[in-house]
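Take a look at the structure below.
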2 protein chains.
Amino acid sequence: MALIVQKYGGTSVGNPERILNVARRVIETQEAGHSVVVVVSAMSGVTDGLIKLAREVSPNPTEREMDVLLSTGEQTTIALTAMAISGLGRQAVSLTGAQAGIVTSEVHTRAKIATISPERVLEALGGGNIVVIAGFQGETADGSITTLGRGGSDLTAIAIAAAIKADLCQIFTDVDGVYTCDPRVVKNATKIHEISYDEMLEMASSGSKVMQSRSVEFAKKFGVVFEVRSSFNHNPGTIVKEETESMEAVVVRGVSIEKNQAKVTISHVPDKPGTAARIFTTLAAANVVIDMIVQSAGAEGATDISFTLSKDELPKATAALEPVVREIGAAGIKAQDGIAKLSIVGIGMRSHSGVAAKLFEALSAGGINIQMISTSEIKTAVILEEARIAEAANLVHAAFGLGAE
Amino acid sequence: MALIVQKYGGTSVGNPERILNVARRVIETQEAGHSVVVVVSAMSGVTDGLIKLAREVSPNPTEREMDVLLSTGEQTTIALTAMAISGLGRQAVSLTGAQAGIVTSEVHTRAKIATISPERVLEALGGGNIVVIAGFQGETADGSITTLGRGGSDLTAIAIAAAIKADLCQIFTDVDGVYTCDPRVVKNATKIHEISYDEMLEMASSGSKVMQSRSVEFAKKFGVVFEVRSSFNHNPGTIVKEETESMEAVVVRGVSIEKNQAKVTISHVPDKPGTAARIFTTLAAANVVIDMIVQSAGAEGATDISFTLSKDELPKATAALEPVVREIGAAGIKAQDGIAKLSIVGIGMRSHSGVAAKLFEALSAGGINIQMISTSEIKTAVILEEARIAEAANLVHAAFGLGAE
């Protein structure tokens, strides 16, 4: 008998019929001899409806009240899910985030989990209940309702799993697991059976948006083994866990691609301390999220600094930078979109040489030009022309032998 | 400066525009120099929508989870109301029933308020906030969400007013106040400016359903002065309070009418101890709610027992009674609908004689036959033919000089 936490997202609980489907899956798990905690999100569409209501009463709703409002979405789902389970003849008890003992920081709409006091969850489990917990929410130490921001329900599931020392945490979603590459782009992409936390983090930050990084980081920190799988079929998913020796045998775990990227180059930046800092604090102040940064080797006391970002952020970035470019005495600023990022990720890279070379070779053989390169310990990323990203992904995927036979 | 609790029902907060209207009224009250606590219901229609959802996941939803579900309705309204107030430039804080310190019994869907710990409400008021509290809900001592049943938001408002020692509690609703009779029936009915708790209770129990009796009883018990008034205009409403000497000068405060009544007569009931008990415990066991009971003077060891009830309950009542009638050896049972009740209510009746006589006279002058009579200290009720109830109400209303000039 194991203690299992299952998390179902908004699509999986999107209507009464799907909630009944979730109830049946949860009961199956209990019938297999396990104790089950279920974490649920708001039914899809509900949160958007509440946000719309908020905008109708105030142009700029206060964040504290936004949390009070949005938390009703998950509270509705826990009640309905517990009812559905009871209606199918099993004991169930619902708990809001606060009732489940989730205490957070005081930063409304994007609170961090501070502590979890799982006594009430454990007591309900001990009484033979399936325990249904509202994802995405908690309360401050002085009892105000908070929400955890994007990916908050995954975080709730993983944090609860850590707090109750669950054997496994299953994240049910609308995809089947983590794939070696996006199956819509690479037809013979295969499902990854096991992946390490670090690989999952690198995949998440390079475009494979199955989960938010913060949930993976939390799982890594507390050693929570979790599985990403589909709520619409019974296929096994992808297990995310601490790396094992056998994992290192695989050089590249997967290929991530991210479209809609843009590149900004500031040319002839005077090579003196503080100029890079000046550029990137300006961007941070303008809330522009930067991805790769490359500084080319300087000649005659000046360098070129390039960085990539989401295409949507381009106007905001160039507007913020124009005065800075003049101020620091750079020659100019050039913006370019129509580019994409391709990354290969694998902890095997640490112990295998020639991985980057093999990547460049594969792209070169296809006549695809590399515009920027960035490497970390377990990831190598390149910037390419967006129009050729699918072709590039297929070439690289094949070169590292990731496809199904 | 006074401390005022205002309660707005589901119609008054039925859409974002109306919530903004409530926010403006609340702010007006604060601007007049008062501290304000607002108690709100779920937006009209929301509760029904949630009940429908519940039925779609379970034929017989558990009451505990029903409370978790329904309490989201008021939680949505408190957040939107607080946002609306903040958007109009005033400080506001929302509190759920639990956060407001309302501790209830453990009877889900119809919990009783056990205690209120108003520290958090007072603290928020002290900080200059308008405090917006969810009506209809509380939590048990061990932290499960409960709801208070019908009229629960009125009860919340009056209980909070008692707990924080408010100077006045205003119940905003879709009627203008309590009238001397239903203005749809008696055209020149006038608004009652002041009414005692007891009169309000008798009016409530005789068809003037402005408020549930339990809220009035709670107000009486804790001496909470409240005003019933409309949220759609600025007319003063009806003040409900402890009786004063001047109130006794008015013999009849108002005339209540209740249609859709029915009468059951059990004839020739053997006049021995325990037969009446046998009849009415049977009805109670069948959940039939009885109104008036009349036992006519018996002759030759047998009496007739009649009682009235809502017409809807008639089939249930006769079905339950048929075996009992045989068992106790009564002659038979006769059911009749098409009747209505007319009551006159007033604490002045205690010290004035001839009130009942005046009532009978007025009806007799109109040729209206009285089928049953029942009296209490401050009420006299008669049963009449339903078809003539409007005529009767106008005659009685005029006889006691209740109409506008």
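In the structure tokens, the first chain shown is A, the next is B, and so on; residue numbers restart at 1 for each chain, and ligands run from 1 in the order shown.
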
Checklist entry - Near chain B, which residues of chain A fall within 9 Å when you count only C-alpha atoms, and what do they look like as a PyMOL selection string? => result chain A and resi 15-17+19-20+50+53-54+56-62+64-73+75-88+93-96+99+143-144

Next on the checklist: List the spatial neighbours of Lys272 in chain A as a PyMOL selection string - criterion: any atom at most 10 Å away, only C-alpha atoms, same-chain residues fewer than 3 positions off excluded.
Outcome noted: chain A and resi 269+275-276+301-303+328

Next on the checklist: Residues near Asp176 in chain A, anyone? I mean within 8 Å using only C-alpha atoms, not counting same-chain ones fewer than 2 positions away, as an MDAnalysis selection string.
Outcome noted: chainID A and resid 173:174 178 191 228:230 235:237

Item to check | Point-to-point distance from CA of Ala2 in chain A to CA of Ser213 in chain A, Å rounded to tenths | outcome: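 The value is 26.6 Å.
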
Checklist entry - Which value, in Å to one decimal, gives the distance between CA of Ala393 in chain A and CA of Asp304 in chain A? => result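 CA of Asp304 in chain A lies 28.5 Å from CA of Ala393 in chain A.
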
Item to check | Members of range 301-337 of chain A assigned strand (DSSP E or B) by DSSP, as JSON, numbers by chain | outcome: {"A": [302, 303, 304, 305, 306, 307, 308, 309, 310, 332, 333, 334, 335, 336, 337]}

Next on the checklist: Give me the residues near range 369-382 of chain A as a ChimeraX atom specification, where near means some atom within 6 Å (using only C-alpha atoms) and where sequence neighbours in that chain fewer than 4 positions away do not count.
Outcome noted: /A:341-347,349

Taking N, CA and C atoms for each residue, export the selection above as a compact mmCIF listing (two decimals), in the first residue's frame.
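Written file, again.txt:
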# COMPACT_ATOMS: atom_id res chain seq x y z
N LYS A 341 14.59 28.98 -30.87
CA LYS A 341 15.65 28.35 -30.09
C LYS A 341 15.48 26.84 -30.12
N LEU A 342 16.58 26.15 -30.28
CA LEU A 342 16.57 24.70 -30.17
C LEU A 342 17.57 24.32 -29.08
N SER A 343 17.13 23.47 -28.15
CA SER A 343 18.03 23.06 -27.06
C SER A 343 18.08 21.54 -26.99
N ILE A 344 19.26 21.01 -26.70
CA ILE A 344 19.33 19.60 -26.34
C ILE A 344 19.68 19.54 -24.86
N VAL A 345 19.02 18.62 -24.17
CA VAL A 345 19.15 18.54 -22.71
C VAL A 345 19.48 17.11 -22.32
N GLY A 346 20.43 16.95 -21.40
CA GLY A 346 20.73 15.60 -20.90
C GLY A 346 21.84 15.63 -19.88
N ILE A 347 21.67 14.93 -18.77
CA ILE A 347 22.74 14.92 -17.77
C ILE A 347 23.94 14.13 -18.27
N MET A 349 25.53 14.67 -20.82
CA MET A 349 26.49 15.60 -21.42
C MET A 349 27.70 15.84 -20.53

Next on the checklist: Run DSSP on the backbone and tell me which residues of range 66-230 of chain A come out as alpha helix (DSSP H); list them as an MDAnalysis selection string.
Outcome noted: chainID A and resid 66:87 119:126 152:163 197:205 213:222

Write a file of the selected residues as a PDB file, in the first residue's frame, keeping C-alpha atoms.
ATOM      1  CA  MET A  66      -8.348  38.958  -6.278  1.00  0.00           C
ATOM      2  CA  ASP A  67      -7.076  36.044  -4.197  1.00  0.00           C
ATOM      3  CA  VAL A  68     -10.325  35.840  -2.214  1.00  0.00           C
ATOM      4  CA  LEU A  69     -12.195  35.806  -5.525  1.00  0.00           C
ATOM      5  CA  LEU A  70     -10.057  33.359  -7.498  1.00  0.00           C
ATOM      6  CA  SER A  71      -9.749  30.879  -4.631  1.00  0.00           C
ATOM      7  CA  THR A  72     -13.496  30.209  -4.970  1.00  0.00           C
ATOM      8  CA  GLY A  73     -12.696  28.437  -8.261  1.00  0.00           C
ATOM      9  CA  GLU A  74     -10.757  25.590  -6.647  1.00  0.00           C
ATOM     10  CA  GLN A  75     -13.124  25.547  -3.680  1.00  0.00           C
ATOM     11  CA  THR A  76     -15.975  24.810  -6.078  1.00  0.00           C
ATOM     12  CA  THR A  77     -14.001  21.950  -7.630  1.00  0.00           C
ATOM     13  CA  ILE A  78     -13.042  20.313  -4.316  1.00  0.00           C
ATOM     14  CA  ALA A  79     -16.668  20.279  -3.198  1.00  0.00           C
ATOM     15  CA  LEU A  80     -17.878  18.816  -6.488  1.00  0.00           C
ATOM     16  CA  THR A  81     -15.074  16.243  -6.605  1.00  0.00           C
ATOM     17  CA  ALA A  82     -15.700  15.119  -3.026  1.00  0.00           C
ATOM     18  CA  MET A  83     -19.438  14.886  -3.782  1.00  0.00           C
ATOM     19  CA  ALA A  84     -18.750  12.843  -6.907  1.00  0.00           C
ATOM     20  CA  ILE A  85     -16.546  10.424  -4.958  1.00  0.00           C
ATOM     21  CA  SER A  86     -19.161  10.117  -2.187  1.00  0.00           C
ATOM     22  CA  GLY A  87     -21.868   9.605  -4.804  1.00  0.00           C
ATOM     23  CA  GLU A 119      -2.101  17.124  10.485  1.00  0.00           C
ATOM     24  CA  ARG A 120      -5.603  17.586   9.179  1.00  0.00           C
ATOM     25  CA  VAL A 121      -4.804  15.861   5.869  1.00  0.00           C
ATOM     26  CA  LEU A 122      -3.244  12.920   7.683  1.00  0.00           C
ATOM     27  CA  GLU A 123      -6.132  12.709  10.121  1.00  0.00           C
ATOM     28  CA  ALA A 124      -8.664  12.598   7.276  1.00  0.00           C
ATOM     29  CA  LEU A 125      -6.600   9.946   5.476  1.00  0.00           C
ATOM     30  CA  GLY A 126      -6.393   7.963   8.697  1.00  0.00           C
ATOM     31  CA  GLY A 152       0.196  26.871  -8.462  1.00  0.00           C
ATOM     32  CA  SER A 153      -1.823  23.648  -8.389  1.00  0.00           C
ATOM     33  CA  ASP A 154       1.193  21.554  -9.430  1.00  0.00           C
ATOM     34  CA  LEU A 155       3.101  23.229  -6.642  1.00  0.00           C
ATOM     35  CA  THR A 156       0.346  22.428  -4.139  1.00  0.00           C
ATOM     36  CA  ALA A 157       0.432  18.765  -5.154  1.00  0.00           C
ATOM     37  CA  ILE A 158       4.196  18.478  -4.850  1.00  0.00           C
ATOM     38  CA  ALA A 159       4.341  20.414  -1.589  1.00  0.00           C
ATOM     39  CA  ILE A 160       1.564  18.307  -0.054  1.00  0.00           C
ATOM     40  CA  ALA A 161       3.349  15.154  -1.269  1.00  0.00           C
ATOM     41  CA  ALA A 162       6.505  16.362   0.474  1.00  0.00           C
ATOM     42  CA  ALA A 163       4.656  17.279   3.671  1.00  0.00           C
ATOM     43  CA  TYR A 197      14.826  16.985 -11.971  1.00  0.00           C
ATOM     44  CA  ASP A 198      17.637  18.960 -13.600  1.00  0.00           C
ATOM     45  CA  GLU A 199      16.784  17.747 -17.074  1.00  0.00           C
ATOM     46  CA  MET A 200      13.118  18.518 -16.477  1.00  0.00           C
ATOM     47  CA  LEU A 201      14.075  22.019 -15.353  1.00  0.00           C
ATOM     48  CA  GLU A 202      16.152  22.618 -18.462  1.00  0.00           C
ATOM     49  CA  MET A 203      13.388  21.243 -20.678  1.00  0.00           C
ATOM     50  CA  ALA A 204      10.856  23.508 -18.927  1.00  0.00           C
ATOM     51  CA  SER A 205      13.022  26.578 -19.372  1.00  0.00           C
ATOM     52  CA  SER A 213      10.030  25.380 -13.180  1.00  0.00           C
ATOM     53  CA  ARG A 214       9.111  26.328  -9.609  1.00  0.00           C
ATOM     54  CA  SER A 215       7.192  23.090  -9.060  1.00  0.00           C
ATOM     55  CA  VAL A 216      10.091  21.027 -10.381  1.00  0.00           C
ATOM     56  CA  GLU A 217      12.512  22.971  -8.207  1.00  0.00           C
ATOM     57  CA  PHE A 218      10.329  22.345  -5.170  1.00  0.00           C
ATOM     58  CA  ALA A 219      10.178  18.614  -5.980  1.00  0.00           C
ATOM     59  CA  LYS A 220      13.952  18.519  -6.371  1.00  0.00           C
ATOM     60  CA  LYS A 221      14.522  20.326  -3.090  1.00  0.00           C
ATOM     61  CA  PHE A 222      12.319  17.918  -1.146  1.00  0.00           C
TER      62      PHE A 222
END

Next on the checklist: Which residues are close to range 358-368 of chain A, i.e. within 8 Å by only C-alpha atoms, leaving aside same-chain residues fewer than 6 positions away? Reply as a list of chain:residue names.
Outcome noted: A:Leu384, A:Arg388, A:Ala392, A:Leu395, A:Val396, A:Ala399

Export of prior selection with C-alpha atoms as a compact mmCIF listing (two decimals), in the first residue's frame:
# COMPACT_ATOMS: atom_id res chain seq x y z
CA LEU A 384 18.20 29.51 -35.66
CA ARG A 388 13.65 26.08 -40.40
CA ALA A 392 16.32 21.38 -37.46
CA LEU A 395 17.68 16.45 -37.86
CA VAL A 396 18.93 16.80 -34.28
CA ALA A 399 21.29 12.52 -34.93

Next on the checklist: I want to know what sits within 8 Å of Val38 in chain A, based on only C-alpha atoms, with residues of the same chain fewer than 3 positions away left out; could you give that as a ChimeraX atom specification?
Outcome noted: /A:5-8,26,130-133,157

Those same residues - C-alpha atoms - I'd like them written as an mmCIF file, in the first residue's frame.
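So the final result, stored in part_8.cif, reads:
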data_model
loop_
_atom_site.group_PDB
_atom_site.id
_atom_site.type_symbol
_atom_site.label_atom_id
_atom_site.label_comp_id
_atom_site.auth_asym_id
_atom_site.auth_seq_id
_atom_site.Cartn_x
_atom_site.Cartn_y
_atom_site.Cartn_z
ATOM 1 C CA VAL A 5 -1.016 12.359 -4.363
ATOM 2 C CA GLN A 6 -2.854 12.924 -7.650
ATOM 3 C CA LYS A 7 -3.244 16.339 -9.217
ATOM 4 C CA TYR A 8 -5.869 17.099 -11.883
ATOM 5 C CA VAL A 26 -9.211 8.228 -7.843
ATOM 6 C CA ILE A 130 -10.013 10.232 -0.001
ATOM 7 C CA VAL A 131 -8.817 13.771 0.741
ATOM 8 C CA VAL A 132 -9.553 16.399 -1.911
ATOM 9 C CA ILE A 133 -7.420 19.542 -1.615
ATOM 10 C CA ALA A 157 0.432 18.765 -5.154
#
